[in-house]
Amino acid sequence: MEFTARQIAETLNGKVEGNPDVVVSSLSKIEEGKPGTLTFLANPKYTHYIYETRASVVVVNENFHPDRKIAHTLIRVKDSHTAFAELLNMYQKTKGKKTGISEKASVDPSCKTGKDVYIGDFVVIGKNTVIGDRTLIYPNTVIGDNCKIGDDTCLYASVILYDETVIGKRCTLHSGVIIGGDGFGFAPQEDKNYKKVPQIGNVILEDRVEIGANTTIDRATLGSTIIRKGVKLDNHIQIAHNVEIGENTVIAAQTGISGSTKIGKNCMIGGQAGFAGHLVIGNDVKISAQSGVGRNIPDGTFYEGSPAFPLRDFQRSFIHFRRLDSIVKRIDELEKRLK
Amino acid sequence: MEFTARQIAETLNGKVEGNPDVVVSSLSKIEEGKPGTLTFLANPKYTHYIYETRASVVVVNENFHPDRKIAHTLIRVKDSHTAFAELLNMYQKTKGKKTGISEKASVDPSCKTGKDVYIGDFVVIGKNTVIGDRTLIYPNTVIGDNCKIGDDTCLYASVILYDETVIGKRCTLHSGVIIGGDGFGFAPQEDKNYKKVPQIGNVILEDRVEIGANTTIDRATLGSTIIRKGVKLDNHIQIAHNVEIGENTVIAAQTGISGSTKIGKNCMIGGQAGFAGHLVIGNDVKISAQSGVGRNIPDGTFYEGSPAFPLRDFQRSFIHFRRLDSIVKRIDELEKRLK
Amino acid sequence: MEFTARQIAETLNGKVEGNPDVVVSSLSKIEEGKPGTLTFLANPKYTHYIYETRASVVVVNENFHPDRKIAHTLIRVKDSHTAFAELLNMYQKTKGKKTGISEKASVDPSCKTGKDVYIGDFVVIGKNTVIGDRTLIYPNTVIGDNCKIGDDTCLYASVILYDETVIGKRCTLHSGVIIGGDGFGFAPQEDKNYKKVPQIGNVILEDRVEIGANTTIDRATLGSTIIRKGVKLDNHIQIAHNVEIGENTVIAAQTGISGSTKIGKNCMIGGQAGFAGHLVIGNDVKISAQSGVGRNIPDGTFYEGSPAFPLRDFQRSFIHFRRLDSIVKRIDELEKRLK
């Protein structure tokens, strides 16, 4: 399919700068742009590529001011990142969607499946489970008894849902995601053995949740582990029993949240961060990668360190940590002078 | 099913305080307790909820002293955490157990399966593998050749056991657990390529081991990687080749143990901790979350930090690290005064 | 099978010291050596075992100088680690290889499979996918549409390849590896929701790549996430979208690389390390375990810390950090004296 810059600008509600009749047929990265492709500039780190790229059209923010002349056509939009996401979306939709229930799947007769679902080969679905309309379940995924999955949700290959898991609408679970395994609960005994605390709760994912490959979310001991609407979890994340994660919070890869911790709305949490159990983290909180959070955190703050404390304080301390050798030499010097 | 406080107290060997005839029919969390439910108080952090909870009965430790009057019935027991685990256990047993071998499983004819086993759909079991009595193997799990699995063990969906894996009695392996993948062993060559060191050992899990979702345990290069009886591993843990973990040691999520390290008995290891290879860690050792252990650790000690050193020392250093900016200002001041 | 020390020395191109006619029939670890077995000494930490081991033959480096008399036969070779890997290799080859396509697999008719492939039970292979000669695909692995897998590659049980994944020759992917899941890309909206950025690129693995259990590699937003030839990745590693990893770089378990970061050739990266996005890491770089890399790193350097800085500087700072309490006491003392 071929489009002119003008046609794309109309779709994106943007303004063309340069030749509006130039034709593109695919998408490219700005640093690898080729003639006949459209690319975009969103991350300021990549600004220098706009002068070199061989792409024919570049989507930029409306307030972008080039330092030099640019040969190719620009399309100015309010938010180039979102605009490009729209184009990628249009491109992806041309691929089409799978439908139909494989004869090689094992779906319990008590299971209710919605309209136009896809259920792949060797999928197993347990008793009394309900699958929404247009939901996609890729091969080798295993869904337990008494689960509910909403409309327009996608479970990629080899996802595991334990019994009683509830998943909302328009969610995406990538391969290897495991929802509803037992929380890590053991009562220490006098003979130093541990006695398992059975975990009889479940996991609830609200609407529009996306979960990355191999992430695990444990079922609650009692009640529910809850992931609120719009939450985005990256790969290899560990969510323990009875955790609750607030709306639109995003968490980067390999982070772990210990049992019963509540995380607020609209938080941004870096990768490889860790949270102790039974904490309350506010709304709009930011946590740097690799931080270790051991205390409650108020709304709207930014923490770093292991253990974590406010970012500014951490940065000040860390600057001195890097120079600790010269600081100690200053003390040596002071002691010498005082002798 | 309905029980009176008196009946439950008898089961738990506890004493009723308040109305012994109040009836409960399910279990609840103390902060979400509803009339007609039974809850418990074990974590002191949650003590304030006992004055607010709407649960009808609360199981508490025998030495619990309320500050105020409590309206609902208490059951005093020696250890409320263990008592509650028992109740959860009784509740869970009412669910019943799966049995029978699915016709959709692929079990090699040379495999020996015990009495009353459950083998789910699309399970694959290799040659000469032995499965104990009453053992449960959920769908899509793959077990290699020459494995041995003891009685009353449970492998949830999509567990992978490589050839020659040995698993004891009463173990639980959650979904995504991978036992017996190759250890990470490569010999550097002069041309900067690496030559694979074949890993011809195996993995042995003794009795009553529980392993969380997506945890991996690599086979030994030679001999065995060994997890001793009663060990509890959380989710996303990495156990490298030839590691040995002592009896009743518990390890929290996302921790990694490098090759050939031996960990003692009754240790408690926090989440996201890391251990270098070829170390000897004593018995009764505690390691804080996110610590990086690079040296042998003696019995009965508590370490923190990356690299880790004794906890008290770490805490003292860390207090000063947080205030490093003001410490440096004191040095500035001293230098000024000396001029 | 039995071999004399002389026969093994000939195979390894080594020199016998002691009785060349002693016979061995299996391999052992030096600390667990038994009569009739052959072992090796490579790690200097294990040198003391050579005086105690009951193994009949020990393979050592040609420059090894014992402190005391050694009773058993030695075989001196250029590099004992590589020599032992060769012996393990020979031992492993006696096990034989699987071949044949299971009738229980679901292979799309448009898929092209090479000579002597093995495709296990409940494997799913999508449309237009090409599988090379002698490639092994273990049970319950799922391969998407339009994938290419080279000759002599091995995918263990329950590996997931999303559509368009390209894998070279002589690669090994362990169980639970997930290649080609969506990169973690979301554009923030004014209403605090996030809009998914579709990920339409793919993942390319060149030849001789080995990937450990449960490691994930995300597809590129556009273009390809690329793992160059000879790269070795341990278990539980996270490789984000558009990352590139240079030839013969080795990465230990649980490390994470954020989006668009490029890592050079011949690097050695410790476990649980993290890399921010959009970085350029040079060739021959070493990174300590648990480091957090937030900046570009030049060729041939060694970094540690979170955030990471040059190793020597880190070590100097860390020595003082451990003693920070006594350093602050020295400042207290100076202030007292000045009063």
# chains A, B, ... in the order shown; residues from 1 in each chain; ligands from 1

call {"tool": "select_by_dssp", "arguments": {"residues": "range 54-288 of chain A", "states": "strand (DSSP E or B)", "output": "MDAnalysis selection string"}}
result
chainID A and resid 57:61 73:77 100:101 106:107 112:113 118:119 124:125 130:131 136:137 142:143 148:149 154:155 160:161 166:167 172:173 178:181 186:188 194:196 202:205 210:211 216:218 224:227 232:233 238:239 244:245 250:251 256:257 262:263 268:269 274:275 280:281 286:287

call {"tool": "interface_residues", "arguments": {"of": "chain A", "to": "chain B", "cutoff": "6 Å", "atoms": "only C-alpha atoms", "output": "PyMOL selection string"}}
result
chain A and resi 187+193+197-198+317

call {"tool": "closest_residue", "arguments": {"among": "B:Cys171, B:Ile137, B:Thr301, B:Gly292", "to": "Met268 in chain B", "atoms": "only C-alpha atoms"}}
result
B:Thr301

call {"tool": "select_by_dssp", "arguments": {"residues": "range 34-226 of chain C", "states": "alpha helix (DSSP H)", "output": "mmCIF file with N, CA and C atoms, in the first residue's frame"}}
result
data_model
loop_
_atom_site.group_PDB
_atom_site.id
_atom_site.type_symbol
_atom_site.label_atom_id
_atom_site.label_comp_id
_atom_site.auth_asym_id
_atom_site.auth_seq_id
_atom_site.Cartn_x
_atom_site.Cartn_y
_atom_site.Cartn_z
ATOM 1 N N SER C 80 43.105 -27.091 30.790
ATOM 2 C CA SER C 80 42.370 -28.229 31.353
ATOM 3 C C SER C 80 40.859 -28.043 31.266
ATOM 4 N N HIS C 81 40.384 -26.806 31.289
ATOM 5 C CA HIS C 81 38.947 -26.538 31.227
ATOM 6 C C HIS C 81 38.393 -26.964 29.859
ATOM 7 N N THR C 82 39.090 -26.546 28.818
ATOM 8 C CA THR C 82 38.683 -26.900 27.459
ATOM 9 C C THR C 82 38.806 -28.404 27.224
ATOM 10 N N ALA C 83 39.895 -28.987 27.744
ATOM 11 C CA ALA C 83 40.103 -30.425 27.571
ATOM 12 C C ALA C 83 38.980 -31.217 28.219
ATOM 13 N N PHE C 84 38.585 -30.771 29.405
ATOM 14 C CA PHE C 84 37.529 -31.477 30.100
ATOM 15 C C PHE C 84 36.194 -31.319 29.367
ATOM 16 N N ALA C 85 35.967 -30.123 28.821
ATOM 17 C CA ALA C 85 34.752 -29.913 28.022
ATOM 18 C C ALA C 85 34.706 -30.896 26.864
ATOM 19 N N GLU C 86 35.866 -31.155 26.262
ATOM 20 C CA GLU C 86 35.919 -32.124 25.145
ATOM 21 C C GLU C 86 35.518 -33.522 25.605
ATOM 22 N N LEU C 87 36.025 -33.914 26.778
ATOM 23 C CA LEU C 87 35.681 -35.244 27.304
ATOM 24 C C LEU C 87 34.186 -35.342 27.614
ATOM 25 N N LEU C 88 33.640 -34.266 28.208
ATOM 26 C CA LEU C 88 32.203 -34.251 28.496
ATOM 27 C C LEU C 88 31.404 -34.376 27.203
ATOM 28 N N ASN C 89 31.887 -33.696 26.184
ATOM 29 C CA ASN C 89 31.256 -33.730 24.874
ATOM 30 C C ASN C 89 31.217 -35.150 24.311
ATOM 31 N N MET C 90 32.378 -35.810 24.385
ATOM 32 C CA MET C 90 32.455 -37.189 23.902
ATOM 33 C C MET C 90 31.488 -38.077 24.678
ATOM 34 N N TYR C 91 31.436 -37.866 26.002
ATOM 35 C CA TYR C 91 30.571 -38.650 26.870
ATOM 36 C C TYR C 91 29.104 -38.429 26.473
ATOM 37 N N GLN C 92 28.747 -37.152 26.246
ATOM 38 C CA GLN C 92 27.360 -36.819 25.955
ATOM 39 C C GLN C 92 26.915 -37.377 24.603
ATOM 40 N N LYS C 93 27.866 -37.423 23.645
ATOM 41 C CA LYS C 93 27.501 -37.896 22.300
ATOM 42 C C LYS C 93 27.088 -39.357 22.299
#

call {"tool": "residues_around", "arguments": {"residues": "Ala220 in chain B", "least_positions_apart": "6", "cutoff": "8 Å", "atoms": "only C-alpha atoms", "output": "MDAnalysis selection string"}}
result
chainID B and resid 182:183 199:203 241:243

call {"tool": "write_last_selection", "arguments": {"atoms": "C-alpha atoms", "output": "short mmCIF file (atom, residue, chain, number, x, y, z; two decimals), in the first residue's frame"}}
result
data_model
loop_
_atom_site.label_atom_id
_atom_site.label_comp_id
_atom_site.auth_asym_id
_atom_site.auth_seq_id
_atom_site.Cartn_x
_atom_site.Cartn_y
_atom_site.Cartn_z
CA ASP B 182 22.09 -26.83 31.25
CA GLY B 183 24.33 -24.97 33.66
CA GLN B 199 26.40 -30.51 31.54
CA ILE B 200 26.00 -34.21 32.25
CA GLY B 201 24.87 -34.10 35.91
CA ASN B 202 21.28 -33.76 37.18
CA VAL B 203 19.05 -32.05 39.77
CA HIS B 241 24.71 -25.73 38.39
CA ASN B 242 26.13 -27.68 41.34
CA VAL B 243 24.51 -25.44 43.93
#

call {"tool": "residues_around", "arguments": {"residues": "Gly150 in chain A", "least_positions_apart": "3", "cutoff": "10 Å", "atoms": "only C-alpha atoms", "output": "PyMOL selection string"}}
result
chain A and resi 114+130-135+153-154+166-171+205-207

call {"tool": "atom_distance", "arguments": {"atom1": "CA of Ile8 in chain B", "atom2": "CA of Gly180 in chain A"}}
result
28.5 Å

call {"tool": "closest_residue", "arguments": {"among": "C:Pro310, C:Gly126, C:Gly282, C:Gly185", "to": "Ser258 in chain C", "atoms": "only C-alpha atoms"}}
result
C:Gly185
